[in-house]
Amino acid sequence: MNTLDQFLFGIYPYIALTIFLLGSLVRFEREQYTWKSDSSQLLYQGWLRLGNNLFHVGILGLFFGHLAGLLTPVIVWDTLGVSHGLKQTVAMAAGGVMGSLCLAGLLILIHRRLTDPRIAATTRPGDRIVLVWILATLLLGLSTIWLSAGHRDGVVMVQLMTWAQHIVTFRGDAASHIADAPALFKAHLFMGMTLFVIFPFTRLVHVWSGFASVAYLGRAWQLVRPR
């Protein structure tokens with residue numbers, strides 16, 4: 001393992017998570033009027049519903065799929081009798097479906113944002129960075145499916161799982177578990193971690209509000225009486 005691997009996959013994940021959490025907190029405390037999704041629906045509604053739905057279904061599926069796939073201990077799958085090869089095949093299929101939905105929606109949203117004059121005029125540099133970064137991360141992730149198809153033993157998948165679980169449990173040897181992983185997987189990991197770095201400084205912060213809105217399901221009904 002070289003110094004670059006140790007930094008990118010042993011130290012940088014904690015830098016990214018710190019910026020993600022503290023940056024979001026500072027943004028909420030100091031700039032609440034900027035805490036929004038900046039919807040462009042009023043400017044031009046065409047293709048918004050289709051692109052928006054495809055993108056959100058796809059990216060949420062990818063997020064929770066990565067979360068469950070990477071952080072579920074290997075011993076759990078072994079106990080359930082799920083082989084590494086089968087888990088990898090399921091991950092490839094699910095990732096391919098959700099990734100394709102996300103890509104289709106993202107391309108619609110990008111085309112809509114860059115070609116409509118009114119929306120393009122209100123698009124900030126940060127918006128373009130987010131779109132390009134998510135697109136690049138997504139394409140790298142989809143590219144790993146073809147690489148994974150060349151070896152169905154699940155070895156690389158177990159390496160990635162072990163790395164992620166060692167990161168969240170603060171073990172110092174995390175980077176060593178993916179030191180010999182293919183460069184394509186490492187590039188995807190780096191792009192994904194950096195997305196957390198830019199998160200607090202863009203419209204992506206509205207994701208927090210989306211998760212927080214679940215709390216409203218348990219609140220009492222608001223009664224509105226006629227005068």
# chains A, B, ... in the order shown; residues from 1 in each chain; ligands from 1
>>> closest_atom_pairs(of="range 18-131 of chain A", to="range 197-207 of chain A", cutoff="6 Å", atoms="only C-alpha atoms", output="CSV")
residue,atom,partner,partner_atom,distance
A:Ile19,CA,A:Val197,CA,5.8
A:Phe20,CA,A:Val197,CA,5.5
A:Gly23,CA,A:Pro200,CA,5.2
A:Ser24,CA,A:Pro200,CA,4.8
A:Lys36,CA,A:His206,CA,5.3
A:Ser37,CA,A:Arg203,CA,5.3
>>> residues_around(residues="Leu17 in chain A", least_positions_apart="3", cutoff="10 Å", atoms="only C-alpha atoms", output="list in words")
Tyr12, Pro13, Tyr14, Phe20, Leu21, Leu22, Gly23, Met193, Thr194, Phe196 and Val197 of chain A
>>> write_last_selection(atoms="all heavy atoms", output="compact mmCIF listing (two decimals), in the first residue's frame")
# COMPACT_ATOMS: atom_id res chain seq x y z
N TYR A 12 -8.86 10.43 3.82
CA TYR A 12 -9.82 11.29 3.11
C TYR A 12 -11.28 10.98 3.43
O TYR A 12 -12.09 11.92 3.51
CB TYR A 12 -9.57 11.17 1.60
CG TYR A 12 -10.42 12.09 0.76
CD1 TYR A 12 -10.32 13.47 0.90
CD2 TYR A 12 -11.31 11.58 -0.19
CE1 TYR A 12 -11.10 14.32 0.12
CE2 TYR A 12 -12.07 12.42 -0.97
CZ TYR A 12 -11.97 13.79 -0.80
OH TYR A 12 -12.73 14.63 -1.58
N PRO A 13 -11.68 9.71 3.65
CA PRO A 13 -13.08 9.47 4.01
C PRO A 13 -13.53 10.24 5.25
O PRO A 13 -14.66 10.74 5.31
CB PRO A 13 -13.12 7.96 4.26
CG PRO A 13 -12.03 7.42 3.41
CD PRO A 13 -10.95 8.45 3.46
N TYR A 14 -12.65 10.38 6.22
CA TYR A 14 -13.00 11.11 7.44
C TYR A 14 -13.03 12.62 7.20
O TYR A 14 -13.84 13.34 7.78
CB TYR A 14 -12.01 10.77 8.56
CG TYR A 14 -12.02 9.31 8.93
CD1 TYR A 14 -10.95 8.48 8.62
CD2 TYR A 14 -13.14 8.75 9.56
CE1 TYR A 14 -10.96 7.13 8.94
CE2 TYR A 14 -13.17 7.40 9.88
CZ TYR A 14 -12.08 6.60 9.58
OH TYR A 14 -12.12 5.26 9.89
N PHE A 20 -18.90 17.16 5.32
CA PHE A 20 -20.30 16.87 5.03
C PHE A 20 -21.19 17.22 6.23
O PHE A 20 -22.20 17.92 6.09
CB PHE A 20 -20.44 15.39 4.67
CG PHE A 20 -21.85 14.89 4.60
CD1 PHE A 20 -22.73 15.35 3.63
CD2 PHE A 20 -22.30 13.93 5.50
CE1 PHE A 20 -24.03 14.88 3.57
CE2 PHE A 20 -23.59 13.45 5.44
CZ PHE A 20 -24.47 13.93 4.48
N LEU A 21 -20.82 16.76 7.42
CA LEU A 21 -21.66 16.96 8.61
C LEU A 21 -21.54 18.37 9.16
O LEU A 21 -22.56 19.05 9.36
CB LEU A 21 -21.27 15.94 9.68
CG LEU A 21 -21.55 14.47 9.34
CD1 LEU A 21 -20.98 13.55 10.41
CD2 LEU A 21 -23.04 14.24 9.17
N LEU A 22 -20.32 18.85 9.37
CA LEU A 22 -20.14 20.19 9.93
C LEU A 22 -20.58 21.27 8.93
O LEU A 22 -21.17 22.28 9.31
CB LEU A 22 -18.69 20.40 10.34
CG LEU A 22 -18.20 19.58 11.54
CD1 LEU A 22 -16.77 19.95 11.90
CD2 LEU A 22 -19.12 19.79 12.75
N GLY A 23 -20.26 21.05 7.65
CA GLY A 23 -20.66 22.02 6.63
C GLY A 23 -22.17 22.15 6.53
O GLY A 23 -22.70 23.25 6.39
N MET A 193 -16.98 9.87 -2.57
CA MET A 193 -16.63 10.55 -1.32
C MET A 193 -16.57 12.06 -1.51
O MET A 193 -16.99 12.83 -0.63
CB MET A 193 -15.28 10.02 -0.80
CG MET A 193 -15.33 8.59 -0.29
SD MET A 193 -13.77 8.07 0.48
CE MET A 193 -12.67 8.02 -0.95
N THR A 194 -16.07 12.50 -2.64
CA THR A 194 -15.96 13.94 -2.90
C THR A 194 -17.34 14.58 -3.07
O THR A 194 -17.51 15.77 -2.80
CB THR A 194 -15.09 14.19 -4.13
OG1 THR A 194 -13.82 13.56 -3.95
CG2 THR A 194 -14.87 15.68 -4.36
N PHE A 196 -19.73 14.05 -1.14
CA PHE A 196 -20.08 14.46 0.22
C PHE A 196 -19.37 15.76 0.60
O PHE A 196 -19.87 16.52 1.42
CB PHE A 196 -19.71 13.35 1.21
CG PHE A 196 -20.64 12.19 1.20
CD1 PHE A 196 -20.41 11.10 0.37
CD2 PHE A 196 -21.77 12.18 2.01
CE1 PHE A 196 -21.28 10.02 0.35
CE2 PHE A 196 -22.65 11.11 2.00
CZ PHE A 196 -22.41 10.03 1.16
N VAL A 197 -18.21 16.01 0.01
CA VAL A 197 -17.47 17.25 0.30
C VAL A 197 -18.20 18.46 -0.27
O VAL A 197 -18.32 19.51 0.38
CB VAL A 197 -16.04 17.16 -0.28
CG1 VAL A 197 -15.32 18.50 -0.11
CG2 VAL A 197 -15.25 16.06 0.42
>>> closest_residue(among="A:Gly81, A:Gly172, A:Gly210, A:Gly51", to="Leu107 in chain A", atoms="only C-alpha atoms")
A:Gly51
